[in-house]
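Next comes my_file-v9.cif, with mmCIF, C-alpha atoms.
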data_model
loop_
_atom_site.label_atom_id
_atom_site.label_comp_id
_atom_site.auth_asym_id
_atom_site.auth_seq_id
_atom_site.Cartn_x
_atom_site.Cartn_y
_atom_site.Cartn_z
CA TYR A 62 22.12 55.55 59.11
CA GLN A 63 24.38 57.76 57.01
CA ALA A 64 28.07 57.21 56.26
CA THR A 65 29.87 60.14 54.62
CA SER A 66 33.28 60.39 52.95
CA LYS A 67 35.04 63.44 51.47
CA LEU A 68 37.17 63.65 48.32
CA TYR A 69 39.37 66.29 46.72
CA VAL A 70 39.38 66.84 42.94
CA PHE A 71 42.42 67.90 40.92
CA ASN A 72 42.72 68.14 37.15
CA LYS A 73 46.27 66.87 36.70
CA SER A 74 47.06 63.19 36.86
CA ASP A 75 50.66 64.01 37.82
CA PHE A 76 49.64 66.56 40.46
CA GLY A 77 51.46 64.71 43.18
CA SER A 78 54.82 64.89 41.43
CA SER A 79 54.63 68.44 40.04
CA GLY A 80 53.22 70.11 43.16
CA ALA A 81 52.25 73.22 41.20
CA VAL A 82 48.72 74.55 41.55
CA SER A 83 47.38 77.53 39.60
CA SER A 84 44.07 79.38 39.87
CA SER A 85 43.00 77.87 36.55
CA ASP A 86 43.66 74.39 37.97
CA ILE A 87 41.41 75.16 40.94
CA SER A 88 38.65 76.54 38.68
CA THR A 89 38.87 73.48 36.46
CA SER A 90 38.70 71.22 39.50
CA LYS A 91 35.49 72.91 40.64
CA VAL A 92 33.97 72.26 37.22
CA LEU A 93 35.13 68.65 37.31
CA VAL A 94 33.31 68.01 40.61
CA ASN A 95 29.94 67.73 38.88
CA THR A 96 31.43 65.49 36.18
CA TYR A 97 32.93 63.17 38.78
CA ILE A 98 29.59 62.94 40.61
CA VAL A 99 27.98 61.82 37.34
CA VAL A 100 30.65 59.13 36.99
CA LEU A 101 30.08 58.10 40.61
CA GLN A 102 26.37 57.50 39.97
CA SER A 103 26.94 55.65 36.69
CA ASP A 104 26.19 51.97 36.21
CA SER A 105 29.88 51.28 35.57
CA VAL A 106 30.79 52.25 39.15
CA LEU A 107 27.66 51.06 40.89
CA GLY A 108 27.71 47.78 38.96
CA GLN A 109 31.11 46.96 40.46
CA VAL A 110 29.80 47.88 43.91
CA VAL A 111 26.83 45.54 43.40
CA ASP A 112 29.17 42.70 42.38
CA THR A 113 31.31 43.30 45.49
CA ILE A 114 28.25 43.22 47.76
CA SER A 115 27.10 39.97 46.13
CA GLU A 116 30.54 38.48 46.71
CA TYR A 117 30.41 39.17 50.46
CA GLN A 118 26.74 38.37 51.06
CA GLY A 119 26.34 35.18 53.07
CA LYS A 120 29.87 35.30 54.47
CA GLU A 121 30.43 35.29 58.21
CA GLY A 122 30.60 38.78 59.63
CA PHE A 123 28.73 40.34 56.71
CA GLU A 124 25.20 39.40 57.74
CA TYR A 125 24.30 43.11 57.66
CA LEU A 126 24.39 42.97 53.84
CA GLY A 127 21.42 40.61 53.90
CA SER A 128 20.72 37.98 51.27
CA LYS A 129 18.58 39.91 48.79
CA PRO A 130 20.48 40.97 45.63
CA TYR A 131 21.20 44.68 45.24
CA THR A 132 20.58 46.61 42.03
CA THR A 133 22.28 49.70 40.61
CA LYS A 134 18.95 51.54 40.79
CA GLN A 135 18.61 50.69 44.47
CA LEU A 136 22.17 51.83 45.20
CA ARG A 137 21.65 55.06 43.29
CA SER A 138 18.68 55.88 45.53
CA MET A 139 20.87 55.29 48.60
CA ILE A 140 23.69 57.59 47.46
CA SER A 141 23.88 61.38 47.50
CA ALA A 142 26.86 63.51 46.51
CA GLY A 143 27.55 67.22 46.24
CA SER A 144 30.18 69.94 46.33
CA ILE A 145 31.40 71.09 49.74
CA ASN A 146 30.92 74.87 50.10
CA ASN A 147 31.38 75.39 46.34
CA THR A 148 35.00 74.19 46.50
CA GLU A 149 36.93 71.56 44.54
CA SER A 150 35.97 69.02 47.21
CA PHE A 151 32.82 66.93 47.34
CA SER A 152 31.18 64.51 49.75
CA VAL A 153 29.60 61.09 49.18
CA THR A 154 26.86 60.00 51.58
CA VAL A 155 25.31 56.54 51.72
CA THR A 156 22.05 56.02 53.62
CA ALA A 157 21.18 52.49 54.76
CA HIS A 158 19.21 50.67 57.43
CA ASP A 159 22.40 49.30 59.03
CA PRO A 160 25.43 51.45 59.97
CA TYR A 161 27.92 48.80 58.80
CA GLU A 162 26.06 48.43 55.51
CA ALA A 163 26.30 52.20 54.91
CA LYS A 164 30.06 52.19 55.55
CA PHE A 165 30.64 49.07 53.42
CA ILE A 166 28.95 50.59 50.38
CA ASN A 167 30.74 53.91 50.84
CA ASP A 168 34.12 52.18 51.06
CA ALA A 169 33.33 50.15 47.93
CA ILE A 170 32.53 53.34 46.01
CA LEU A 171 35.83 54.92 47.04
CA TYR A 172 37.66 51.79 45.91
CA PHE A 173 36.26 51.76 42.36
CA LEU A 174 35.65 55.48 41.71
CA PRO A 175 39.24 56.78 41.12
CA ASP A 176 40.02 54.27 38.35
CA GLU A 177 36.65 54.88 36.65
CA ILE A 178 37.24 58.66 36.70
CA ILE A 179 40.59 58.26 34.96
CA ARG A 180 39.09 55.83 32.46
CA VAL A 181 36.07 57.98 31.60
CA VAL A 182 37.23 61.58 32.00
CA LYS A 183 40.94 61.02 31.19
CA ALA A 184 41.75 64.22 33.05
CA GLY A 185 42.52 64.71 36.67
CA ALA A 186 41.75 62.40 39.54
CA VAL A 187 40.55 62.38 43.14
CA GLU A 188 42.21 62.03 46.51
CA ILE A 189 40.39 60.80 49.59
CA ILE A 190 40.21 63.43 52.33
CA ASP A 191 38.18 61.41 54.84
CA LYS A 192 36.90 57.88 54.64
CA ALA A 193 33.45 57.13 55.99
CA SER A 194 33.21 56.10 59.62
CA ILE A 195 30.60 53.80 61.12
CA PRO A 196 27.63 55.98 62.10
CA THR A 197 26.76 55.73 65.78
CA ALA A 198 23.26 57.20 65.65
CA PRO A 199 20.42 56.97 63.13
CA SER A 200 19.98 59.95 60.85
CA SER A 201 16.21 59.51 60.88
CA PRO A 202 13.65 59.60 62.25
CA SER A 203 14.44 62.63 64.40
CA VAL A 204 12.72 62.10 67.75
CA ILE A 205 12.92 65.77 68.76
CA LYS A 206 11.64 67.00 65.40
CA ASN A 207 8.79 64.50 65.33
CA THR A 208 7.85 65.34 68.93
CA VAL A 209 7.71 69.07 68.18
CA LEU A 210 5.69 68.51 65.00
CA GLY A 211 3.35 66.14 66.82
CA GLY A 212 2.80 68.71 69.57
CA LEU A 213 2.06 71.46 67.06
CA VAL A 214 -0.35 69.29 65.08
CA GLY A 215 -2.06 68.16 68.28
CA GLY A 216 -2.42 71.75 69.47
CA VAL A 217 -3.92 72.87 66.16
CA LEU A 218 -6.38 69.95 66.10
CA THR A 219 -7.39 70.58 69.71
CA ALA A 220 -8.00 74.27 69.02
CA ALA A 221 -10.00 73.41 65.89
CA ILE A 222 -12.18 70.92 67.81
CA ILE A 223 -12.87 73.48 70.55
CA VAL A 224 -13.83 76.13 68.00
CA VAL A 225 -16.13 73.73 66.12
CA MET A 226 -17.80 72.58 69.33
CA ALA A 227 -18.35 76.18 70.40
CA LEU A 228 -19.86 77.11 67.03
CA PHE A 229 -22.30 74.18 66.99
CA ASP A 230 -23.21 74.39 70.67
CA ASN A 231 -26.92 75.40 70.78
CA VAL A 232 -27.52 74.61 74.47
CA ILE A 233 -28.51 77.44 76.84
CA HIS A 234 -26.15 77.27 79.80
CA THR A 235 -26.71 80.59 81.60
CA GLU A 236 -29.21 83.42 81.82
CA GLU A 237 -26.82 85.53 79.72
CA ASP A 238 -26.91 82.91 76.95
CA LEU A 239 -30.72 83.12 76.94
CA ALA A 240 -30.63 86.91 76.66
CA ASP A 241 -28.10 86.75 73.84
CA GLU A 242 -30.12 84.14 71.95
CA PHE A 243 -33.48 85.93 72.37
CA PRO A 244 -32.69 89.63 72.88
CA ASP A 245 -36.31 90.71 72.24
CA ILE A 246 -37.78 88.45 74.93
CA SER A 247 -37.56 89.39 78.61
CA VAL A 248 -36.61 86.81 81.20
CA ILE A 249 -39.63 86.30 83.48
CA GLY A 250 -37.94 84.09 86.04
CA VAL A 251 -35.14 81.66 86.76
CA ILE A 252 -35.61 78.18 88.25
CA PRO A 253 -32.76 77.47 90.68
CA ASP A 254 -30.77 74.23 90.52
CA PHE A 255 -31.82 72.60 93.79
CA LYS A 256 -29.38 69.75 93.44
CA SER A 257 -26.50 72.17 93.06
CA GLU A 258 -27.71 74.22 96.03
CA LYS A 259 -28.08 71.07 98.10
CA ARG A 260 -24.55 70.01 97.29
CA LYS A 261 -23.26 73.44 98.22
CA ALA A 262 -25.23 73.38 101.50
CA GLY A 263 -23.96 69.91 102.26
CA GLY A 264 -20.45 71.07 101.63
CA VAL A 265 -20.86 74.03 103.98
CA LYS A 266 -22.43 71.82 106.64
CA SER A 267 -19.68 69.28 106.31
CA ALA A 268 -17.06 72.00 106.56
CA ALA A 269 -18.72 73.43 109.67
CA HIS A 270 -18.96 69.96 111.21
CA GLN A 271 -15.31 69.32 110.48
CA SER A 272 -14.37 72.67 112.00
CA ASN A 273 -16.34 71.90 115.19
CA ARG A 274 -14.73 68.49 115.36
CA VAL A 275 -11.26 70.01 115.11
CA LYS A 276 -12.08 72.53 117.83
CA THR A 277 -13.44 69.75 120.07
CA GLU A 278 -10.29 67.71 119.57
CA GLU A 279 -8.18 70.76 120.35
CA VAL A 280 -10.09 71.29 123.62
CA LYS A 281 -9.75 67.61 124.55
CA THR A 282 -6.06 67.71 123.79
CA GLU A 283 -5.63 70.84 125.88
CA LYS A 284 -7.46 69.27 128.84
CA LYS A 285 -5.48 66.08 128.49
CA SER A 286 -2.20 67.96 128.45
CA LYS A 287 -3.19 70.00 131.44
CA LYS A 288 -4.18 66.88 133.35
CA GLU A 289 -0.80 65.35 132.68
CA ILE A 290 0.87 68.49 133.91
CA ASN A 291 -1.22 68.39 137.10
CA TRP A 292 -0.32 64.75 137.56
CA ASP A 293 3.31 65.63 137.17
CA ASP A 294 2.89 68.38 139.75
CA ASP A 295 1.24 65.97 142.24
CA ASP A 296 3.91 63.40 141.61
CA TYR A 297 6.59 66.00 142.15
CA GLU A 298 5.04 66.96 145.53
#
Go ahead and express the file in the form of structure tokens.
Amino acid sequence: YQATSKLYVFNKSDFGSSGAVSSSDISTSKVLVNTYIVVLQSDSVLGQVVDTISEYQGKEGFEYLGSKPYTTKQLRSMISAGSINNTESFSVTVTAHDPYEAKFINDAILYFLPDEIIRVVKAGAVEIIDKASIPTAPSSPSVIKNTVLGGLVGGVLTAAIIVVMALFDNVIHTEEDLADEFPDISVIGVIPDFKSEKRKAGGVKSAAHQSNRVKTEEVKTEKKSKKEINWDDDDYE
């Protein structure tokens, strides 16, 4: 599951009070995005997140955090961040096995990150655009993608098996195969497959028998119907 938040970068700590934004401020903010992402992935930020997770592990309602201690290295592998469309905004995405776990870690990062940015960079700050929401569907595996890939792989393997079987097939199936295999030798005669002919004859006989049976039943039905009509006529008289 993935929980994503969005943040806006500005390079003036008193931006909220001044309200003035210049093109140089925006350019500087874009440059600061990469610096802030480095701060986000530092041990100073992630260490505080690890301590917060440890504090809540074992408490009622936080079973999704598990009982195994987290490490900064583990958290770093769960977090991805990057600029949004090359603007002064960036996103933070946390991937976890549980949707509530992903949101918890993302919220913890947003809680500690602003103060660490001011402490380390000493220029600018961040504002939260969107906090992470609880993901409702897993980000992976993709059932549709895996199904399509499985179908393609299965089709390729099936085609490969058919080709290999055809290449290594050295059995003579038809008279044409014999002529192709030995073009310099004339075919003297062909022994018919009596079993196959017998099956075909039996099928024809059975079909003819069935046809006669249907016709007989039709005649009987016609006579029976006519008899009933005659009976009705006699009864009417």
message = Evaluated on this file, the PyMOL selection byres ((chain A and resi 177) around 12) picks out some residues - which ones are they, written as a PyMOL selection string?
response = chain A and resi 96-109+170-176+178-187
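Every protein, DNA or RNA residue with an atom at most 6 Å from Val153 in chain A, where only C-alpha atoms count and chain neighbours fewer than 4 positions away do not, is listed here: Thr65, Ser66, Ser141 and Ala142 of chain A.
CA of Ala193 in chain A is positioned 13.0 Å from CA of Ile140 in chain A.
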inquiry  = Just checking: using only C-alpha atoms, which residue out of A:Tyr62, A:Glu236, A:Lys67, A:Thr219 ends up closest to Val155 in chain A?
reply    = A:Tyr62
task = Would you write out, as a list in words, every residue that the PyMOL selection byres ((chain A and resi 115) around 12) captures in this file?
result =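 Residues picked by the PyMOL selection byres ((chain A and resi 115) around 12): Gly108, Gln109, Val110, Val111, Asp112, Thr113, Ile114, Glu116, Tyr117, Gln118, Gly119, Lys120, Phe123, Glu124, Leu126, Gly127, Ser128, Lys129, Pro130, Tyr131, Thr132 and Ile166 of chain A.
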task = Return the single residue from A:Val94, A:Val214, A:Ile205, A:Ala220 that is closest to Ile145 in chain A, with distances computed using only C-alpha atoms.
result = A:Val94
key: CA of Met139 in chain A to CA of Ile189 in chain A, distance in Å rounded to a single decimal   = 20.3 Å
Distance criterion (all atoms listed in the file): nearest to His158 in chain A out of A:Val92, A:Ile190, A:Val225, A:Ala64 =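 Selected residue with least distance to His158 in chain A: A:Ala64.
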request  = Name the residues captured by the PyMOL selection byres ((chain A and resi 251) around 12) when it is applied to the shown file; answer as a ChimeraX atom specification.
outcome  = /A:235-237,239,247-250,252-255
One-decimal distance in Å that lies between CA of Tyr161 in chain A and CA of Glu188 in chain A =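 Calculated distance between CA of Glu188 in chain A and CA of Tyr161 in chain A is 23.0 Å.
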task = Considering only C-alpha atoms, state which residue in the set A:Ile233, A:Ala163, A:Asp238, A:Ser90 is at the smallest distance from Phe71 in chain A.
result =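 Closest to Phe71 in chain A of all the choices is A:Ser90.
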